[in-house]
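Participant: Structure supplied as upload04.cif; contents: mmCIF, C-alpha atoms; chains and numbers go by the auth columns.
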data_start
#
loop_
_atom_site.group_PDB
_atom_site.id
_atom_site.type_symbol
_atom_site.label_atom_id
_atom_site.label_comp_id
_atom_site.label_asym_id
_atom_site.label_seq_id
_atom_site.Cartn_x
_atom_site.Cartn_y
_atom_site.Cartn_z
_atom_site.B_iso_or_equiv
_atom_site.auth_seq_id
_atom_site.auth_asym_id
ATOM 1 C CA MET A 1 -179.436 -154.424 184.716 0.00 1 A
ATOM 2 C CA ALA A 2 -177.419 -153.479 181.627 0.00 2 A
ATOM 3 C CA PRO A 3 -178.149 -155.495 178.468 0.00 3 A
ATOM 4 C CA ALA A 4 -175.445 -157.821 177.225 0.00 4 A
ATOM 5 C CA ALA A 5 -173.381 -156.624 174.297 0.00 5 A
ATOM 6 C CA PRO A 6 -174.306 -158.023 170.876 0.00 6 A
ATOM 7 C CA ALA A 7 -172.438 -161.237 170.107 0.00 7 A
ATOM 8 C CA ASN A 8 -170.203 -159.572 167.537 0.00 8 A
ATOM 9 C CA GLN A 9 -169.166 -156.872 170.051 0.00 9 A
ATOM 10 C CA ARG A 10 -168.305 -159.044 173.049 0.00 10 A
ATOM 11 C CA HIS A 11 -164.804 -159.060 174.347 0.00 11 A
ATOM 12 C CA SER A 12 -162.975 -161.753 176.236 0.00 12 A
ATOM 13 C CA VAL A 13 -163.717 -161.496 179.946 0.00 13 A
ATOM 14 C CA VAL A 14 -161.190 -162.286 182.649 0.00 14 A
ATOM 15 C CA LEU A 15 -162.656 -164.606 185.284 0.00 15 A
ATOM 16 C CA ASP A 16 -160.980 -165.557 188.541 0.00 16 A
ATOM 17 C CA ASP A 17 -161.423 -168.735 190.603 0.00 17 A
ATOM 18 C CA ILE A 18 -164.311 -167.249 192.614 0.00 18 A
ATOM 19 C CA ASP A 19 -166.120 -166.284 189.390 0.00 19 A
ATOM 20 C CA HIS A 20 -165.736 -169.860 188.148 0.00 20 A
ATOM 21 C CA ILE A 21 -167.144 -171.267 191.387 0.00 21 A
ATOM 22 C CA LEU A 22 -170.122 -168.915 191.195 0.00 22 A
ATOM 23 C CA LEU A 23 -170.744 -169.823 187.546 0.00 23 A
ATOM 24 C CA ASP A 24 -170.393 -173.573 188.194 0.00 24 A
ATOM 25 C CA GLU A 25 -172.876 -173.423 191.048 0.00 25 A
ATOM 26 C CA LEU A 26 -175.379 -171.257 189.153 0.00 26 A
ATOM 27 C CA ALA A 27 -175.102 -173.496 186.072 0.00 27 A
ATOM 28 C CA ARG A 28 -176.074 -176.443 188.282 0.00 28 A
ATOM 29 C CA ASP A 29 -178.856 -174.583 190.083 0.00 29 A
ATOM 30 C CA GLY A 30 -179.868 -171.126 188.877 0.00 30 A
ATOM 31 C CA ARG A 31 -182.288 -170.838 191.809 0.00 31 A
ATOM 32 C CA MET A 32 -179.591 -171.265 194.446 0.00 32 A
ATOM 33 C CA THR A 33 -179.942 -168.695 197.231 0.00 33 A
ATOM 34 C CA ASN A 34 -177.323 -165.996 197.556 0.00 34 A
ATOM 35 C CA ASN A 35 -176.340 -167.304 201.028 0.00 35 A
ATOM 36 C CA ALA A 36 -175.819 -170.849 199.719 0.00 36 A
ATOM 37 C CA LEU A 37 -173.889 -169.524 196.727 0.00 37 A
ATOM 38 C CA ALA A 38 -171.686 -167.399 198.990 0.00 38 A
ATOM 39 C CA ALA A 39 -170.999 -170.406 201.227 0.00 39 A
ATOM 40 C CA ALA A 40 -170.051 -172.557 198.219 0.00 40 A
ATOM 41 C CA ALA A 41 -167.613 -169.874 197.062 0.00 41 A
ATOM 42 C CA GLY A 42 -166.279 -169.149 200.555 0.00 42 A
ATOM 43 C CA ILE A 43 -167.165 -165.446 200.428 0.00 43 A
ATOM 44 C CA ALA A 44 -169.514 -163.117 202.294 0.00 44 A
ATOM 45 C CA PRO A 45 -173.112 -162.910 201.011 0.00 45 A
ATOM 46 C CA SER A 46 -172.730 -159.182 200.238 0.00 46 A
ATOM 47 C CA THR A 47 -169.579 -159.895 198.233 0.00 47 A
ATOM 48 C CA CYS A 48 -171.347 -162.732 196.437 0.00 48 A
ATOM 49 C CA LEU A 49 -174.270 -160.529 195.484 0.00 49 A
ATOM 50 C CA GLY A 50 -171.933 -157.870 194.109 0.00 50 A
ATOM 51 C CA ARG A 51 -169.910 -160.400 192.132 0.00 51 A
ATOM 52 C CA VAL A 52 -173.012 -162.006 190.584 0.00 52 A
ATOM 53 C CA ARG A 53 -174.335 -158.562 189.641 0.00 53 A
ATOM 54 C CA ALA A 54 -170.967 -157.751 188.042 0.00 54 A
ATOM 55 C CA LEU A 55 -171.075 -161.015 186.058 0.00 55 A
ATOM 56 C CA VAL A 56 -174.518 -160.040 184.778 0.00 56 A
ATOM 57 C CA GLU A 57 -173.427 -156.487 183.905 0.00 57 A
ATOM 58 C CA ARG A 58 -170.344 -157.796 182.075 0.00 58 A
ATOM 59 C CA GLY A 59 -172.558 -160.113 180.010 0.00 59 A
ATOM 60 C CA VAL A 60 -171.036 -163.320 181.402 0.00 60 A
ATOM 61 C CA ILE A 61 -174.381 -164.328 182.897 0.00 61 A
ATOM 62 C CA ARG A 62 -176.871 -163.687 180.112 0.00 62 A
ATOM 63 C CA GLY A 63 -179.950 -164.193 182.243 0.00 63 A
ATOM 64 C CA PHE A 64 -181.907 -166.397 184.586 0.00 64 A
ATOM 65 C CA HIS A 65 -184.840 -168.324 183.206 0.00 65 A
ATOM 66 C CA ALA A 66 -187.020 -171.385 183.599 0.00 66 A
ATOM 67 C CA ASP A 67 -186.242 -174.229 181.200 0.00 67 A
ATOM 68 C CA ILE A 68 -189.769 -175.302 180.255 0.00 68 A
ATOM 69 C CA ASP A 69 -190.402 -178.653 178.602 0.00 69 A
ATOM 70 C CA PRO A 70 -192.272 -177.916 175.320 0.00 70 A
ATOM 71 C CA ALA A 71 -194.205 -181.193 175.738 0.00 71 A
ATOM 72 C CA ALA A 72 -195.788 -179.761 178.892 0.00 72 A
ATOM 73 C CA LEU A 73 -197.215 -177.025 176.652 0.00 73 A
ATOM 74 C CA GLY A 74 -198.596 -179.511 174.128 0.00 74 A
ATOM 75 C CA ARG A 75 -195.638 -179.248 171.741 0.00 75 A
ATOM 76 C CA SER A 76 -193.970 -182.649 172.028 0.00 76 A
ATOM 77 C CA LEU A 77 -192.473 -182.836 168.531 0.00 77 A
ATOM 78 C CA GLN A 78 -189.166 -180.987 168.236 0.00 78 A
ATOM 79 C CA ALA A 79 -187.035 -180.473 165.156 0.00 79 A
ATOM 80 C CA MET A 80 -183.993 -178.623 163.925 0.00 80 A
ATOM 81 C CA ILE A 81 -184.531 -176.972 160.556 0.00 81 A
ATOM 82 C CA SER A 82 -181.609 -175.751 158.508 0.00 82 A
ATOM 83 C CA VAL A 83 -182.477 -172.783 156.325 0.00 83 A
ATOM 84 C CA ARG A 84 -180.567 -171.376 153.377 0.00 84 A
ATOM 85 C CA VAL A 85 -181.643 -167.990 152.070 0.00 85 A
ATOM 86 C CA HIS A 86 -181.303 -166.744 148.509 0.00 86 A
ATOM 87 C CA ALA A 87 -178.100 -164.835 147.778 0.00 87 A
ATOM 88 C CA ASN A 88 -180.057 -161.636 147.070 0.00 88 A
ATOM 89 C CA ALA A 89 -181.675 -161.883 150.541 0.00 89 A
ATOM 90 C CA ARG A 90 -178.376 -161.919 152.433 0.00 90 A
ATOM 91 C CA PRO A 91 -178.573 -158.192 153.336 0.00 91 A
ATOM 92 C CA GLN A 92 -181.785 -158.953 155.252 0.00 92 A
ATOM 93 C CA LEU A 93 -180.376 -161.894 157.263 0.00 93 A
ATOM 94 C CA ALA A 94 -180.687 -160.166 160.647 0.00 94 A
ATOM 95 C CA GLU A 95 -184.276 -159.103 159.944 0.00 95 A
ATOM 96 C CA PHE A 96 -185.157 -162.629 158.813 0.00 96 A
ATOM 97 C CA GLY A 97 -183.679 -164.072 162.026 0.00 97 A
ATOM 98 C CA GLU A 98 -185.751 -161.652 164.108 0.00 98 A
ATOM 99 C CA GLN A 99 -188.900 -162.664 162.204 0.00 99 A
ATOM 100 C CA LEU A 100 -188.192 -166.331 162.905 0.00 100 A
ATOM 101 C CA SER A 101 -187.544 -165.729 166.603 0.00 101 A
ATOM 102 C CA ALA A 102 -190.966 -164.078 166.988 0.00 102 A
ATOM 103 C CA LEU A 103 -192.866 -167.217 165.899 0.00 103 A
ATOM 104 C CA ASP A 104 -194.546 -169.250 168.659 0.00 104 A
ATOM 105 C CA GLU A 105 -193.122 -172.576 167.486 0.00 105 A
ATOM 106 C CA VAL A 106 -189.526 -171.322 167.525 0.00 106 A
ATOM 107 C CA LEU A 107 -187.417 -172.150 170.580 0.00 107 A
ATOM 108 C CA ASN A 108 -184.024 -170.971 169.277 0.00 108 A
ATOM 109 C CA VAL A 109 -182.561 -169.401 166.154 0.00 109 A
ATOM 110 C CA TYR A 110 -178.884 -169.871 165.329 0.00 110 A
ATOM 111 C CA PHE A 111 -177.107 -167.882 162.610 0.00 111 A
ATOM 112 C CA ILE A 112 -174.492 -170.372 161.411 0.00 112 A
ATOM 113 C CA ALA A 113 -171.486 -170.750 159.138 0.00 113 A
ATOM 114 C CA GLY A 114 -171.480 -173.314 156.361 0.00 114 A
ATOM 115 C CA ALA A 115 -173.768 -174.189 153.491 0.00 115 A
ATOM 116 C CA ASP A 116 -176.863 -172.993 155.347 0.00 116 A
ATOM 117 C CA ASP A 117 -177.549 -169.673 157.033 0.00 117 A
ATOM 118 C CA TYR A 118 -179.765 -170.602 159.986 0.00 118 A
ATOM 119 C CA LEU A 119 -180.506 -173.523 162.227 0.00 119 A
ATOM 120 C CA VAL A 120 -183.960 -173.158 163.759 0.00 120 A
ATOM 121 C CA HIS A 121 -185.069 -175.211 166.778 0.00 121 A
ATOM 122 C CA VAL A 122 -188.851 -175.615 166.777 0.00 122 A
ATOM 123 C CA ALA A 123 -191.479 -177.446 168.813 0.00 123 A
ATOM 124 C CA THR A 124 -194.937 -178.313 167.502 0.00 124 A
ATOM 125 C CA ALA A 125 -197.822 -180.482 168.666 0.00 125 A
ATOM 126 C CA ASP A 126 -197.393 -183.064 165.905 0.00 126 A
ATOM 127 C CA THR A 127 -196.068 -183.733 162.413 0.00 127 A
ATOM 128 C CA GLU A 128 -198.953 -181.799 160.849 0.00 128 A
ATOM 129 C CA GLY A 129 -198.014 -178.734 162.908 0.00 129 A
ATOM 130 C CA LEU A 130 -194.399 -179.105 161.826 0.00 130 A
ATOM 131 C CA ARG A 131 -195.405 -179.476 158.169 0.00 131 A
ATOM 132 C CA LEU A 132 -197.568 -176.345 158.376 0.00 132 A
ATOM 133 C CA PHE A 133 -194.775 -174.408 160.086 0.00 133 A
ATOM 134 C CA VAL A 134 -192.321 -175.267 157.301 0.00 134 A
ATOM 135 C CA LEU A 135 -194.834 -174.544 154.537 0.00 135 A
ATOM 136 C CA GLU A 136 -196.273 -171.304 155.940 0.00 136 A
ATOM 137 C CA HIS A 137 -193.242 -169.698 157.564 0.00 137 A
ATOM 138 C CA LEU A 138 -190.261 -171.023 155.630 0.00 138 A
ATOM 139 C CA SER A 139 -191.094 -172.433 152.187 0.00 139 A
ATOM 140 C CA ALA A 140 -193.530 -169.587 151.476 0.00 140 A
ATOM 141 C CA HIS A 141 -191.038 -166.907 152.557 0.00 141 A
ATOM 142 C CA PRO A 142 -189.468 -165.173 149.529 0.00 142 A
ATOM 143 C CA ALA A 143 -186.016 -165.103 151.140 0.00 143 A
ATOM 144 C CA VAL A 144 -185.839 -168.877 151.693 0.00 144 A
ATOM 145 C CA ALA A 145 -184.015 -170.935 149.078 0.00 145 A
ATOM 146 C CA ARG A 146 -184.200 -174.321 150.830 0.00 146 A
ATOM 147 C CA THR A 147 -184.834 -176.065 154.135 0.00 147 A
ATOM 148 C CA GLU A 148 -183.956 -179.403 155.667 0.00 148 A
ATOM 149 C CA THR A 149 -185.848 -180.720 158.680 0.00 149 A
ATOM 150 C CA ILE A 150 -184.285 -183.055 161.231 0.00 150 A
ATOM 151 C CA LEU A 151 -186.504 -184.563 163.948 0.00 151 A
ATOM 152 C CA ILE A 152 -185.213 -184.622 167.516 0.00 152 A
ATOM 153 C CA PHE A 153 -185.853 -187.917 169.305 0.00 153 A
ATOM 154 C CA GLU A 154 -184.147 -187.010 172.573 0.00 154 A
ATOM 155 C CA HIS A 155 -182.189 -184.097 174.040 0.00 155 A
ATOM 156 C CA VAL A 156 -179.400 -185.161 176.372 0.00 156 A
ATOM 157 C CA ARG A 157 -178.229 -182.108 178.286 0.00 157 A
ATOM 158 C CA PRO A 158 -174.530 -181.887 179.055 0.00 158 A
ATOM 159 C CA ARG A 159 -173.406 -180.206 182.260 0.00 159 A
ATOM 160 C CA ILE A 160 -172.327 -176.609 181.662 0.00 160 A
ATOM 161 C CA ARG A 161 -168.558 -176.333 181.916 0.00 161 A
ATOM 162 C CA THR A 162 -167.033 -172.979 182.752 0.00 162 A
ATOM 163 C CA GLY A 163 -163.513 -173.840 181.600 0.00 163 A
ATOM 164 C CA ARG A 164 -162.239 -174.669 185.074 0.00 164 A
ATOM 165 C CA ASP A 165 -163.170 -178.371 184.907 0.00 165 A
#
Go ahead and render the structure in this file as structure tokens.
Facilitator:
Amino acid sequence: MAPAAPANQRHSVVLDDIDHILLDELARDGRMTNNALAAAAGIAPSTCLGRVRALVERGVIRGFHADIDPAALGRSLQAMISVRVHANARPQLAEFGEQLSALDEVLNVYFIAGADDYLVHVATADTEGLRLFVLEHLSAHPAVARTETILIFEHVRPRIRTGRD
């Protein structure tokens, strides 16, 4: 399977009605069998398999994964942490993002526009774990100018919309 193009190199992809059906169904249930997916789209299973593979190769489908509840792993406290780096550290932004993404507590790293540079989604066991994460990995980092931590009480997941809805 070919890797997806970096975000800054992606091009607009033309999707037809069948592609949208396949994407809608897979967004609802990524474990759907190829035969069930083909039936939902009204196409042959071999055609379905080829189309899904093409969507993966074109970078439309970025991957298939299990969405694991961090609380099941003993990390029930989640937070979003905005991070601003010092102006002189801006040339190392990509490297800093990679360093963050390698940390066990980090679920997602977003490079953002605005006053801050990153939004980091983390999960820890408790407030002490969160405090230590901020102190050891962010506040102590020479590139970090400031952070702001926002606790997540609940995550309400919207249904994925493919643009056909």
Participant: On this file, the PyMOL selection byres ((chain A and resi 117) around 7) gives some set of residues; write that set as a PDB file with C-alpha atoms, in the frame of the given file.
Facilitator:
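The new file selection37.pdb reads:
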ATOM      1  CA  VAL A  83    -182.477-172.783 156.325  1.00  0.00           C
ATOM      2  CA  ARG A  84    -180.567-171.376 153.377  1.00  0.00           C
ATOM      3  CA  VAL A  85    -181.643-167.990 152.070  1.00  0.00           C
ATOM      4  CA  PHE A 111    -177.107-167.882 162.610  1.00  0.00           C
ATOM      5  CA  ILE A 112    -174.492-170.372 161.411  1.00  0.00           C
ATOM      6  CA  ALA A 113    -171.486-170.750 159.138  1.00  0.00           C
ATOM      7  CA  ALA A 115    -173.768-174.189 153.491  1.00  0.00           C
ATOM      8  CA  ASP A 116    -176.863-172.993 155.347  1.00  0.00           C
ATOM      9  CA  TYR A 118    -179.765-170.602 159.986  1.00  0.00           C
TER      10      TYR A 118
END
Participant: Using the chain letters and numbering of this document, enumerate as an MDAnalysis selection string the residues selected by the PyMOL selection byres ((chain A and resi 90-98) around 12).
Facilitator: chainID A and resid 83:89 99:103 106 108:112 116:120 137:138 141:145
Participant: Evaluate the PyMOL selection byres ((chain A and resi 74) around 10) on the structure here and hand back the selected residues as an mmCIF file with C-alpha atoms, in the frame of the given file.
Facilitator:
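Output file selection01.cif follows:
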data_model
loop_
_atom_site.group_PDB
_atom_site.id
_atom_site.type_symbol
_atom_site.label_atom_id
_atom_site.label_comp_id
_atom_site.auth_asym_id
_atom_site.auth_seq_id
_atom_site.Cartn_x
_atom_site.Cartn_y
_atom_site.Cartn_z
ATOM 1 C CA ASP A 69 -190.402 -178.653 178.602
ATOM 2 C CA PRO A 70 -192.272 -177.916 175.320
ATOM 3 C CA ALA A 71 -194.205 -181.193 175.738
ATOM 4 C CA ALA A 72 -195.788 -179.761 178.892
ATOM 5 C CA LEU A 73 -197.215 -177.025 176.652
ATOM 6 C CA ARG A 75 -195.638 -179.248 171.741
ATOM 7 C CA SER A 76 -193.970 -182.649 172.028
ATOM 8 C CA LEU A 77 -192.473 -182.836 168.531
ATOM 9 C CA ALA A 123 -191.479 -177.446 168.813
ATOM 10 C CA THR A 124 -194.937 -178.313 167.502
ATOM 11 C CA ALA A 125 -197.822 -180.482 168.666
ATOM 12 C CA ASP A 126 -197.393 -183.064 165.905
#
Participant: Quick one: residues within 10 Å of A:Val60, all atoms listed in the file counted, chain neighbours fewer than 6 positions away excluded, as number ranges by chain?
Facilitator: A: 4, 10, 12-15, 19, 23, 52, 54
Participant: Report, in Å with one decimal, the straight-line distance from atom CA of A:Asp16 to atom CA of A:Pro45.
Facilitator: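 These two atoms are separated by 17.6 Å.
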Participant: The residues within 12 Å of (-179.8, -169.5, 189.5), using all atoms listed in the file and the coordinates of the file, should be reported as a PyMOL selection string; which are they?
Facilitator: chain A and resi 22-34+36-37+52+56+61-67
Participant: Would you list the contacts of A:Val122 as a PDB file with C-alpha atoms, keeping the file's coordinate frame, taking every protein, DNA or RNA residue within 7 Å and counting only C-alpha atoms, but skipping same-chain residues closer than 5 positions in sequence?
Facilitator:
ATOM      1  CA  GLN A  78    -189.166-180.987 168.236  1.00  0.00           C
ATOM      2  CA  ALA A  79    -187.035-180.473 165.156  1.00  0.00           C
ATOM      3  CA  MET A  80    -183.993-178.623 163.925  1.00  0.00           C
ATOM      4  CA  GLU A 105    -193.122-172.576 167.486  1.00  0.00           C
ATOM      5  CA  VAL A 106    -189.526-171.322 167.525  1.00  0.00           C
ATOM      6  CA  LEU A 107    -187.417-172.150 170.580  1.00  0.00           C
TER       7      LEU A 107
END
Participant: Choose the residue, out of A:Leu135, A:Ile81, A:Gly129, A:Asn35, that has the smallest atom-to-atom separation from A:Glu148; count all atoms listed in the file.
Facilitator: A:Ile81
Participant: Considering all atoms listed in the file, state which residue in the set A:Ala140, A:Ala38, A:Ile68, A:Ile152 is at the smallest distance from A:Gly50.
Facilitator: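 Among the listed residues, A:Ala38 lies closest to A:Gly50.
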Participant: Hey, which of A:Leu130, A:Ile21, A:Glu136, A:Gly42 ends up closest to A:Leu151? Count only C-alpha atoms.
Facilitator: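 For A:Leu151, the nearest of the candidates is A:Leu130.
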Participant: One number please: atom CA of A:Ser139 to atom CA of A:Ser82, in Å, one decimal.
Facilitator: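 Separation of atom CA of A:Ser139 and atom CA of A:Ser82: 11.9 Å.
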Participant: Which one of A:Arg131, A:Arg146, A:Arg51, A:Arg159 sits closest to A:Asp17 if you count only C-alpha atoms?
Facilitator: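 Ranked by minimum distance to A:Asp17, first place goes to A:Arg51.
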Participant: In Å, with one decimal, what is the gap from atom CA of A:Ile18 to atom CA of A:Ile43?
Facilitator: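 So the answer is 8.5 Å.
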